[in-house]
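K.L.:
Before anything else, here's the structure in question.
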Amino acid sequence: CCEGDAGSLNAASVMLEGANGRRVKLDLANVADFALFPGQVVVVEGYNATGECIKAASVHADASLPMEKTPASQIALFNETDAYLGGEPLSVVAAAGPFTTSSDLCYKPLDELLEHARDNKVDLLILCGPFVDSKHRLLDPSAAGQPGGFCNGNPPDTYKVMRSVMREHIVKGLSGSSVTCIVIPSPSDLHARPLYPQPAFSADLIAPSEDDSYISHEAKPLMMSNPCTFKVNEIVFQVATQDILVHLSGNEANRITGDRISRLGLHLLQQRSVYPLFPPAENAMMSPALSEGLSLPCTPDVLIIPSNLMPFAKRARDTLLINPGRLTKGGNAGTFASITTHPILRHIRTGAHKVTAAPPVP
């Protein structure tokens, strides 16, 4: 924690808090490398001669869980049989909202993304909110009086907008295709509970009404919570739409080299949580009573954290850390992530490949 419970954490203001709530200052002068943030669970080696300050020699923070293991026979089933991939690569697309530009609620960028997924025969499409963004200038009362901003006299019915996004865009846009779609809320979604972690959207949002026309081979998006863990064949995905990377980056004290983004992602894996920062950022809207829902069940193969940071794909040890960026940025086009996983060849799975010796040099 930070000395004084105010300001940013730095190497000179680190306090260690025990399970009994008592705090003692931590002297890091002799620690070769460290990366610390408020709320982090650590083990400190050192001595406390005065009872007021621990002279630390080393700090340990790695409590990461093992990754899931899949038997080679099961991987062969996933990769080679026609019931699964039939020898073809697994294609995944991940995108995060806003899904429409700041000037309208037409959702043309979302339609273009759905068309891309359908035309390219994507296996899995992961859509992360916000879908109806509370900060959209047509919906945000604080934008009243701005050109093209919120109008108190005739605001749009946001529930109808949300139903339209789910039914008219996502369901109809993917119907008749083989794309599996997962929908995950964001704390910025107007029609999701704002407290984090969040339950899945209500199934009523995609259920047909009496006025809806019949849709042949209607798509059925999977509504999942935020955060959520799911498995696609042998690959474990973890998705969390709270911007923990931005929150951590402004609250970390470190003396270490290496890639900053990978290190921030590694904090989540080592602390077994998609939001290990405590106290949380002011705008995080956390629910302490539901903190168990932030725990990682295992170390995932792929960790998707939509963030306002620049889009990236990084390695955090053996985990692929992905920020797909935002599909729209104000009135401009944004980014999404495309992930392709190729089948593991049989000789690699079994370890039965032969190493041929080089011919002797004459």
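Following the order of the structure tokens, first chain is A, next is B, and so on, with residues numbered from 1 inside each chain and ligands from 1 in the order they appear.
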Using only C-alpha atoms, determine which residues lie at most 10 Å from A:Val132, disregarding the query and same-chain residues fewer than 2 positions distant; provide the list as a list of chain:residue names.

P.N.:
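Skipping anything fewer than 2 positions along the chain leaves A:Gly97, A:Pro98, A:Phe99, A:Thr100, A:Leu105, A:Gly129, A:Pro130, A:Ser134, A:Lys135, A:His136, A:Leu139, A:Thr158, A:Tyr159, A:Val161, A:Met162, A:Arg163, A:Val165, A:Pro185, A:Ser186, A:Ser188, A:Asp189, A:Leu190, A:His191, A:Ala192.
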
K.L.:
Given the selection you just returned, output its residues as a file containing N, CA, C and O atoms, formatted as a CSV table (one decimal), in the first residue's frame.

P.N.:
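Now in result26.csv:
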```csv
chain,number,residue,atom,x,y,z
A,97,GLY,N,-16.1,-2.5,-27.9
A,97,GLY,CA,-16.8,-1.2,-28.3
A,97,GLY,C,-16.1,0.0,-27.8
A,97,GLY,O,-15.0,-0.1,-27.1
A,98,PRO,N,-16.6,1.2,-28.2
A,98,PRO,CA,-17.8,1.4,-28.9
A,98,PRO,C,-17.9,0.8,-30.3
A,98,PRO,O,-16.9,0.8,-31.0
A,99,PHE,N,-19.1,0.4,-30.7
A,99,PHE,CA,-19.3,-0.2,-32.0
A,99,PHE,C,-20.0,0.7,-33.0
A,99,PHE,O,-20.3,0.3,-34.1
A,100,THR,N,-20.1,2.0,-32.6
A,100,THR,CA,-20.6,3.0,-33.6
A,100,THR,C,-19.9,4.3,-33.3
A,100,THR,O,-19.2,4.4,-32.3
A,105,LEU,N,-26.0,6.6,-34.1
A,105,LEU,CA,-26.3,5.3,-33.5
A,105,LEU,C,-26.7,4.3,-34.6
A,105,LEU,O,-27.5,3.4,-34.4
A,129,GLY,N,-18.2,-5.2,-24.7
A,129,GLY,CA,-18.8,-3.9,-24.7
A,129,GLY,C,-17.8,-2.7,-24.5
A,129,GLY,O,-16.6,-3.0,-24.4
A,130,PRO,N,-18.3,-1.5,-24.5
A,130,PRO,CA,-19.8,-1.2,-24.5
A,130,PRO,C,-20.5,-1.3,-25.8
A,130,PRO,O,-19.9,-0.9,-26.9
A,134,SER,N,-22.5,4.5,-22.3
A,134,SER,CA,-23.0,5.6,-21.5
A,134,SER,C,-22.3,6.9,-21.8
A,134,SER,O,-22.8,8.0,-21.4
A,135,LYS,N,-21.1,6.9,-22.4
A,135,LYS,CA,-20.4,8.1,-22.7
A,135,LYS,C,-20.6,8.6,-24.1
A,135,LYS,O,-20.0,9.6,-24.5
A,136,HIS,N,-21.5,7.9,-24.9
A,136,HIS,CA,-21.8,8.4,-26.2
A,136,HIS,C,-22.5,9.8,-26.2
A,136,HIS,O,-23.4,10.0,-25.3
A,139,LEU,N,-26.1,10.2,-25.9
A,139,LEU,CA,-26.8,9.5,-24.8
A,139,LEU,C,-26.3,10.1,-23.4
A,139,LEU,O,-26.9,9.8,-22.4
A,158,THR,N,-32.9,4.1,-25.1
A,158,THR,CA,-31.7,3.3,-25.1
A,158,THR,C,-31.9,1.8,-25.1
A,158,THR,O,-31.1,1.0,-25.6
A,159,TYR,N,-33.1,1.4,-24.5
A,159,TYR,CA,-33.3,0.0,-24.5
A,159,TYR,C,-33.7,-0.5,-25.9
A,159,TYR,O,-33.2,-1.6,-26.3
A,161,VAL,N,-32.5,0.9,-28.5
A,161,VAL,CA,-31.2,0.8,-29.2
A,161,VAL,C,-30.4,-0.5,-28.9
A,161,VAL,O,-29.9,-1.1,-29.8
A,162,MET,N,-30.4,-0.8,-27.7
A,162,MET,CA,-29.7,-2.1,-27.3
A,162,MET,C,-30.4,-3.3,-27.9
A,162,MET,O,-29.7,-4.2,-28.4
A,163,ARG,N,-31.7,-3.4,-27.9
A,163,ARG,CA,-32.4,-4.5,-28.6
A,163,ARG,C,-32.0,-4.5,-30.1
A,163,ARG,O,-31.8,-5.6,-30.6
A,165,VAL,N,-29.3,-3.4,-31.5
A,165,VAL,CA,-27.9,-3.9,-31.6
A,165,VAL,C,-27.9,-5.4,-31.6
A,165,VAL,O,-27.2,-6.0,-32.4
A,185,PRO,N,-20.4,-7.9,-21.5
A,185,PRO,CA,-20.7,-6.5,-21.1
A,185,PRO,C,-19.4,-5.8,-20.7
A,185,PRO,O,-18.4,-6.3,-20.4
A,186,SER,N,-19.6,-4.5,-20.6
A,186,SER,CA,-18.6,-3.6,-20.1
A,186,SER,C,-19.2,-2.7,-19.0
A,186,SER,O,-20.4,-2.4,-19.0
A,188,SER,N,-19.1,0.3,-18.9
A,188,SER,CA,-19.7,1.5,-19.6
A,188,SER,C,-21.0,1.3,-20.3
A,188,SER,O,-21.5,2.2,-20.9
A,189,ASP,N,-21.5,0.0,-20.3
A,189,ASP,CA,-22.7,-0.3,-21.0
A,189,ASP,C,-23.9,0.3,-20.2
A,189,ASP,O,-24.0,0.1,-19.0
A,190,LEU,N,-24.8,1.0,-20.9
A,190,LEU,CA,-26.0,1.5,-20.3
A,190,LEU,C,-26.9,0.5,-19.7
A,190,LEU,O,-27.6,0.7,-18.7
A,191,HIS,N,-27.0,-0.7,-20.4
A,191,HIS,CA,-27.9,-1.7,-20.0
A,191,HIS,C,-27.3,-2.9,-19.4
A,191,HIS,O,-27.7,-4.1,-19.6
A,192,ALA,N,-26.2,-2.7,-18.7
A,192,ALA,CA,-25.5,-3.7,-17.9
A,192,ALA,C,-25.4,-3.2,-16.4
A,192,ALA,O,-25.3,-2.0,-16.2
```

K.L.:
I'd like the contact shell of A:Pro276 - 10 Å cut-off, only C-alpha atoms, skipping same-chain residues fewer than 2 positions apart - returned as a list in words.

P.N.:
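The residues that qualify are Phe37, Pro38, Gly39, Gln40, Val41, Ile244, Leu248, His267, Leu268, Leu269, Gln270, Gln271, Arg272, Ser273, Val274, Phe278, Pro279, Pro280, Ser291, Leu294 and Ser295 of chain A.
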
K.L.:
Can you write out the residues you just picked, keeping N, CA and C atoms, as a PDB file, in the first residue's frame?

P.N.:
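The result, written out as selection-v9.pdb:
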```pdb
ATOM      1  N   PHE A  37       2.522  -2.654  -6.586  1.00  0.00           N
ATOM      2  CA  PHE A  37       1.343  -1.799  -6.706  1.00  0.00           C
ATOM      3  C   PHE A  37       0.456  -2.022  -5.481  1.00  0.00           C
ATOM      4  N   PRO A  38      -0.426  -1.074  -5.147  1.00  0.00           N
ATOM      5  CA  PRO A  38      -1.297  -1.224  -3.971  1.00  0.00           C
ATOM      6  C   PRO A  38      -2.214  -2.436  -4.090  1.00  0.00           C
ATOM      7  N   GLY A  39      -2.291  -3.209  -3.024  1.00  0.00           N
ATOM      8  CA  GLY A  39      -3.137  -4.392  -3.004  1.00  0.00           C
ATOM      9  C   GLY A  39      -2.429  -5.670  -3.389  1.00  0.00           C
ATOM     10  N   GLN A  40      -1.193  -5.573  -3.842  1.00  0.00           N
ATOM     11  CA  GLN A  40      -0.438  -6.751  -4.280  1.00  0.00           C
ATOM     12  C   GLN A  40      -0.088  -7.634  -3.079  1.00  0.00           C
ATOM     13  N   VAL A  41      -0.248  -8.932  -3.248  1.00  0.00           N
ATOM     14  CA  VAL A  41       0.123  -9.901  -2.214  1.00  0.00           C
ATOM     15  C   VAL A  41       1.564 -10.328  -2.471  1.00  0.00           C
ATOM     16  N   ILE A 244      -7.981  -2.587 -16.464  1.00  0.00           N
ATOM     17  CA  ILE A 244      -7.024  -2.750 -15.378  1.00  0.00           C
ATOM     18  C   ILE A 244      -5.615  -2.319 -15.781  1.00  0.00           C
ATOM     19  N   LEU A 248      -3.434  -0.003 -13.452  1.00  0.00           N
ATOM     20  CA  LEU A 248      -2.171  -0.464 -12.887  1.00  0.00           C
ATOM     21  C   LEU A 248      -1.001   0.430 -13.289  1.00  0.00           C
ATOM     22  N   HIS A 267       1.285  -9.214 -13.846  1.00  0.00           N
ATOM     23  CA  HIS A 267       0.741  -8.974 -12.499  1.00  0.00           C
ATOM     24  C   HIS A 267      -0.573  -9.719 -12.307  1.00  0.00           C
ATOM     25  N   LEU A 268      -1.426  -9.705 -13.330  1.00  0.00           N
ATOM     26  CA  LEU A 268      -2.725 -10.367 -13.215  1.00  0.00           C
ATOM     27  C   LEU A 268      -2.557 -11.873 -13.036  1.00  0.00           C
ATOM     28  N   LEU A 269      -1.629 -12.447 -13.808  1.00  0.00           N
ATOM     29  CA  LEU A 269      -1.407 -13.893 -13.724  1.00  0.00           C
ATOM     30  C   LEU A 269      -0.784 -14.272 -12.376  1.00  0.00           C
ATOM     31  N   GLN A 270       0.187 -13.485 -11.936  1.00  0.00           N
ATOM     32  CA  GLN A 270       0.874 -13.801 -10.683  1.00  0.00           C
ATOM     33  C   GLN A 270      -0.031 -13.621  -9.468  1.00  0.00           C
ATOM     34  N   GLN A 271      -0.972 -12.688  -9.542  1.00  0.00           N
ATOM     35  CA  GLN A 271      -1.877 -12.424  -8.425  1.00  0.00           C
ATOM     36  C   GLN A 271      -3.188 -13.203  -8.539  1.00  0.00           C
ATOM     37  N   ARG A 272      -3.334 -13.978  -9.614  1.00  0.00           N
ATOM     38  CA  ARG A 272      -4.515 -14.830  -9.824  1.00  0.00           C
ATOM     39  C   ARG A 272      -5.808 -14.016  -9.881  1.00  0.00           C
ATOM     40  N   SER A 273      -5.744 -12.817 -10.410  1.00  0.00           N
ATOM     41  CA  SER A 273      -6.909 -11.946 -10.415  1.00  0.00           C
ATOM     42  C   SER A 273      -6.879 -11.038 -11.635  1.00  0.00           C
ATOM     43  N   VAL A 274      -8.072 -10.756 -12.206  1.00  0.00           N
ATOM     44  CA  VAL A 274      -8.134  -9.821 -13.321  1.00  0.00           C
ATOM     45  C   VAL A 274      -8.217  -8.375 -12.837  1.00  0.00           C
ATOM     46  N   PHE A 278      -5.813  -2.657  -5.248  1.00  0.00           N
ATOM     47  CA  PHE A 278      -6.660  -2.269  -4.116  1.00  0.00           C
ATOM     48  C   PHE A 278      -5.969  -1.179  -3.301  1.00  0.00           C
ATOM     49  N   PRO A 279      -6.657  -0.065  -3.002  1.00  0.00           N
ATOM     50  CA  PRO A 279      -8.029   0.215  -3.415  1.00  0.00           C
ATOM     51  C   PRO A 279      -8.132   0.405  -4.927  1.00  0.00           C
ATOM     52  N   PRO A 280      -9.300   0.129  -5.498  1.00  0.00           N
ATOM     53  CA  PRO A 280      -9.455   0.244  -6.951  1.00  0.00           C
ATOM     54  C   PRO A 280      -9.405   1.695  -7.407  1.00  0.00           C
ATOM     55  N   SER A 291     -15.842  -9.884  -5.063  1.00  0.00           N
ATOM     56  CA  SER A 291     -14.439  -9.949  -5.479  1.00  0.00           C
ATOM     57  C   SER A 291     -13.996 -11.353  -5.871  1.00  0.00           C
ATOM     58  N   LEU A 294     -13.492 -12.204  -9.518  1.00  0.00           N
ATOM     59  CA  LEU A 294     -12.341 -11.677 -10.248  1.00  0.00           C
ATOM     60  C   LEU A 294     -11.180 -12.662 -10.297  1.00  0.00           C
ATOM     61  N   SER A 295     -11.319 -13.780  -9.605  1.00  0.00           N
ATOM     62  CA  SER A 295     -10.219 -14.740  -9.494  1.00  0.00           C
ATOM     63  C   SER A 295     -10.056 -15.546 -10.780  1.00  0.00           C
TER      64      SER A 295
END
```

K.L.:
Using Å and a single decimal, report how far atom CA of A:Leu125 sits from atom CA of A:Asn233.

P.N.:
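According to the coordinates, atom CA of A:Asn233 and atom CA of A:Leu125 are separated by 14.9 Å.
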
K.L.:
Please identify all polymer residues within 6 Å of stretch 336-343 of chain A, counting only C-alpha atoms, omitting same-chain residues fewer than 3 positions from it, and present them as a list in words.

P.N.:
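Skipping anything fewer than 3 positions along the chain leaves Asn79, Pro89, Leu90, Ser91, Val92, Val93, Ala94, Ala95 and Pro324 of chain A.
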
K.L.:
Any chance you could export the current selection's C-alpha atoms as a PDB file, in the first residue's frame?

P.N.:
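Heads up, here's the output in part.pdb:
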```pdb
ATOM      1  CA  ASN A  79      -7.393 -30.798 -34.499  1.00  0.00           C
ATOM      2  CA  PRO A  89      -6.688 -23.559 -38.201  1.00  0.00           C
ATOM      3  CA  LEU A  90      -8.908 -22.107 -35.466  1.00  0.00           C
ATOM      4  CA  SER A  91      -9.890 -18.538 -36.380  1.00  0.00           C
ATOM      5  CA  VAL A  92     -10.874 -16.080 -33.627  1.00  0.00           C
ATOM      6  CA  VAL A  93     -11.744 -12.388 -33.885  1.00  0.00           C
ATOM      7  CA  ALA A  94     -11.998 -10.192 -30.764  1.00  0.00           C
ATOM      8  CA  ALA A  95     -13.386  -6.653 -30.774  1.00  0.00           C
ATOM      9  CA  PRO A 324      -7.822  -5.462 -29.428  1.00  0.00           C
TER      10      PRO A 324
END
```

K.L.:
Would you mind listing what lies within 8 Å of A:Thr319 as JSON, numbers by chain, with only C-alpha atoms counted and same-chain residues fewer than 6 positions away left out?

P.N.:
{"A": [299, 300, 301, 302, 303]}

K.L.:
Run DSSP on the backbone and tell me which residues of stretch 19-207 of chain A come out as strand (DSSP E); list them as a PyMOL selection string.

P.N.:
chain A and resi 23-27+34-36+43-47+53-60+90-96+124-128+180-184

K.L.:
May I have the residues within 12 Å of A:Ser249 as a PyMOL selection string, using only C-alpha atoms and disregarding those fewer than 4 positions away in the same chain?

P.N.:
chain A and resi 8-9+35-38+243-245+253-254+260-265+267+277+281+307-309

K.L.:
Those residues you just picked out, can you put them in a file as an mmCIF file, in the first residue's frame with C-alpha atoms?

P.N.:
```
data_model
loop_
_atom_site.group_PDB
_atom_site.id
_atom_site.type_symbol
_atom_site.label_atom_id
_atom_site.label_comp_id
_atom_site.auth_asym_id
_atom_site.auth_seq_id
_atom_site.Cartn_x
_atom_site.Cartn_y
_atom_site.Cartn_z
ATOM 1 C CA SER A 8 0.967 7.654 -6.339
ATOM 2 C CA LEU A 9 3.045 4.766 -5.106
ATOM 3 C CA ALA A 35 7.427 -4.112 -9.468
ATOM 4 C CA LEU A 36 4.859 -3.229 -6.813
ATOM 5 C CA PHE A 37 1.343 -1.799 -6.706
ATOM 6 C CA PRO A 38 -1.297 -1.224 -3.971
ATOM 7 C CA ASP A 243 -9.361 -1.364 -18.042
ATOM 8 C CA ILE A 244 -7.024 -2.750 -15.378
ATOM 9 C CA LEU A 245 -3.917 -2.079 -17.475
ATOM 10 C CA ALA A 253 6.397 1.507 -8.484
ATOM 11 C CA ASN A 254 9.160 -0.483 -10.134
ATOM 12 C CA ARG A 260 6.067 -2.604 -19.451
ATOM 13 C CA ILE A 261 2.872 -3.997 -20.980
ATOM 14 C CA SER A 262 3.971 -7.612 -20.543
ATOM 15 C CA ARG A 263 4.851 -6.838 -16.929
ATOM 16 C CA LEU A 264 1.428 -5.309 -16.239
ATOM 17 C CA GLY A 265 -0.258 -8.369 -17.731
ATOM 18 C CA HIS A 267 0.741 -8.974 -12.499
ATOM 19 C CA LEU A 277 -5.376 -3.383 -7.550
ATOM 20 C CA ALA A 281 -9.268 3.238 -9.266
ATOM 21 C CA SER A 307 -7.919 -1.130 -22.996
ATOM 22 C CA ASN A 308 -7.570 2.516 -24.001
ATOM 23 C CA LEU A 309 -3.841 1.853 -24.353
#
```

K.L.:
So, counting only C-alpha atoms, which residue among A:Glu210, A:Leu127, A:Ser287, A:Val171 is closest to A:Ile305?

P.N.:
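The closest residue to A:Ile305 is A:Leu127.
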
K.L.:
Taking into account only C-alpha atoms, which residue in the set A:Leu266, A:Val246, A:Val236, A:Ala289 is nearest to A:Lys314?

P.N.:
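For A:Lys314, the nearest of the given residues is A:Leu266.
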
K.L.:
Taking only stretch 252-361 of chain A into account, list the residues labelled alpha helix (DSSP H) by DSSP (computed from the backbone), as a list in words.

P.N.:
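Residues meeting the alpha helix (DSSP H) criterion: Arg260, Ile261, Ser262, Arg263, Leu264, Gly265, Leu266, His267, Leu268, Leu269, Gln270, Gln271, Arg346, His347, Ile348, Arg349 and Thr350 of chain A.
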
K.L.:
Between atom CA of A:Glu68 and atom CA of A:Gly258, what distance in Å does the model show, to one decimal?

P.N.:
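For atom CA of A:Glu68 relative to atom CA of A:Gly258, the distance reads 26.8 Å.
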
K.L.:
Taking into account only C-alpha atoms, which residue in the set A:Ser164, A:Asn226, A:Ser13, A:Asn120 is nearest to A:Ser178?

P.N.:
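For A:Ser178, the nearest of the given residues is A:Asn120.
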
K.L.:
For A:Cys228, work out the shell of residues within 7 Å, counting only C-alpha atoms and skipping chain neighbours fewer than 6 positions away, then give it as a list in words.

P.N.:
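After dropping sequence-adjacent residues, the list is Gln238, Val239 and Ala240 of chain A.
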
K.L.:
Residues of the last selection are to be written out with all heavy atoms, as a PDB file, in the first residue's frame.

P.N.:
```pdb
ATOM      1  N   GLN A 238      -9.422 -16.097 -21.285  1.00  0.00           N
ATOM      2  CA  GLN A 238      -9.918 -15.273 -20.184  1.00  0.00           C
ATOM      3  C   GLN A 238     -10.154 -13.878 -20.756  1.00  0.00           C
ATOM      4  O   GLN A 238      -9.283 -13.308 -21.424  1.00  0.00           O
ATOM      5  CB  GLN A 238      -8.894 -15.196 -19.044  1.00  0.00           C
ATOM      6  CG  GLN A 238      -9.282 -14.278 -17.892  1.00  0.00           C
ATOM      7  CD  GLN A 238     -10.336 -14.887 -16.986  1.00  0.00           C
ATOM      8  OE1 GLN A 238     -10.254 -16.076 -16.667  1.00  0.00           O
ATOM      9  NE2 GLN A 238     -11.320 -14.102 -16.571  1.00  0.00           N
ATOM     10  N   VAL A 239     -11.342 -13.321 -20.508  1.00  0.00           N
ATOM     11  CA  VAL A 239     -11.684 -11.991 -21.013  1.00  0.00           C
ATOM     12  C   VAL A 239     -12.175 -11.140 -19.854  1.00  0.00           C
ATOM     13  O   VAL A 239     -12.994 -11.585 -19.039  1.00  0.00           O
ATOM     14  CB  VAL A 239     -12.775 -12.048 -22.109  1.00  0.00           C
ATOM     15  CG1 VAL A 239     -13.037 -10.657 -22.674  1.00  0.00           C
ATOM     16  CG2 VAL A 239     -12.372 -13.008 -23.227  1.00  0.00           C
ATOM     17  N   ALA A 240     -11.675  -9.907 -19.761  1.00  0.00           N
ATOM     18  CA  ALA A 240     -12.113  -8.957 -18.736  1.00  0.00           C
ATOM     19  C   ALA A 240     -12.114  -7.565 -19.357  1.00  0.00           C
ATOM     20  O   ALA A 240     -11.093  -7.135 -19.902  1.00  0.00           O
ATOM     21  CB  ALA A 240     -11.191  -9.005 -17.520  1.00  0.00           C
TER      22      ALA A 240
END
```

K.L.:
Kindly give the distance, in Å, that separates atom CA of A:Val43 and atom CA of A:Asp62, rounded to a single decimal.

P.N.:
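About the pair atom CA of A:Val43 and atom CA of A:Asp62: they are 9.1 Å apart.
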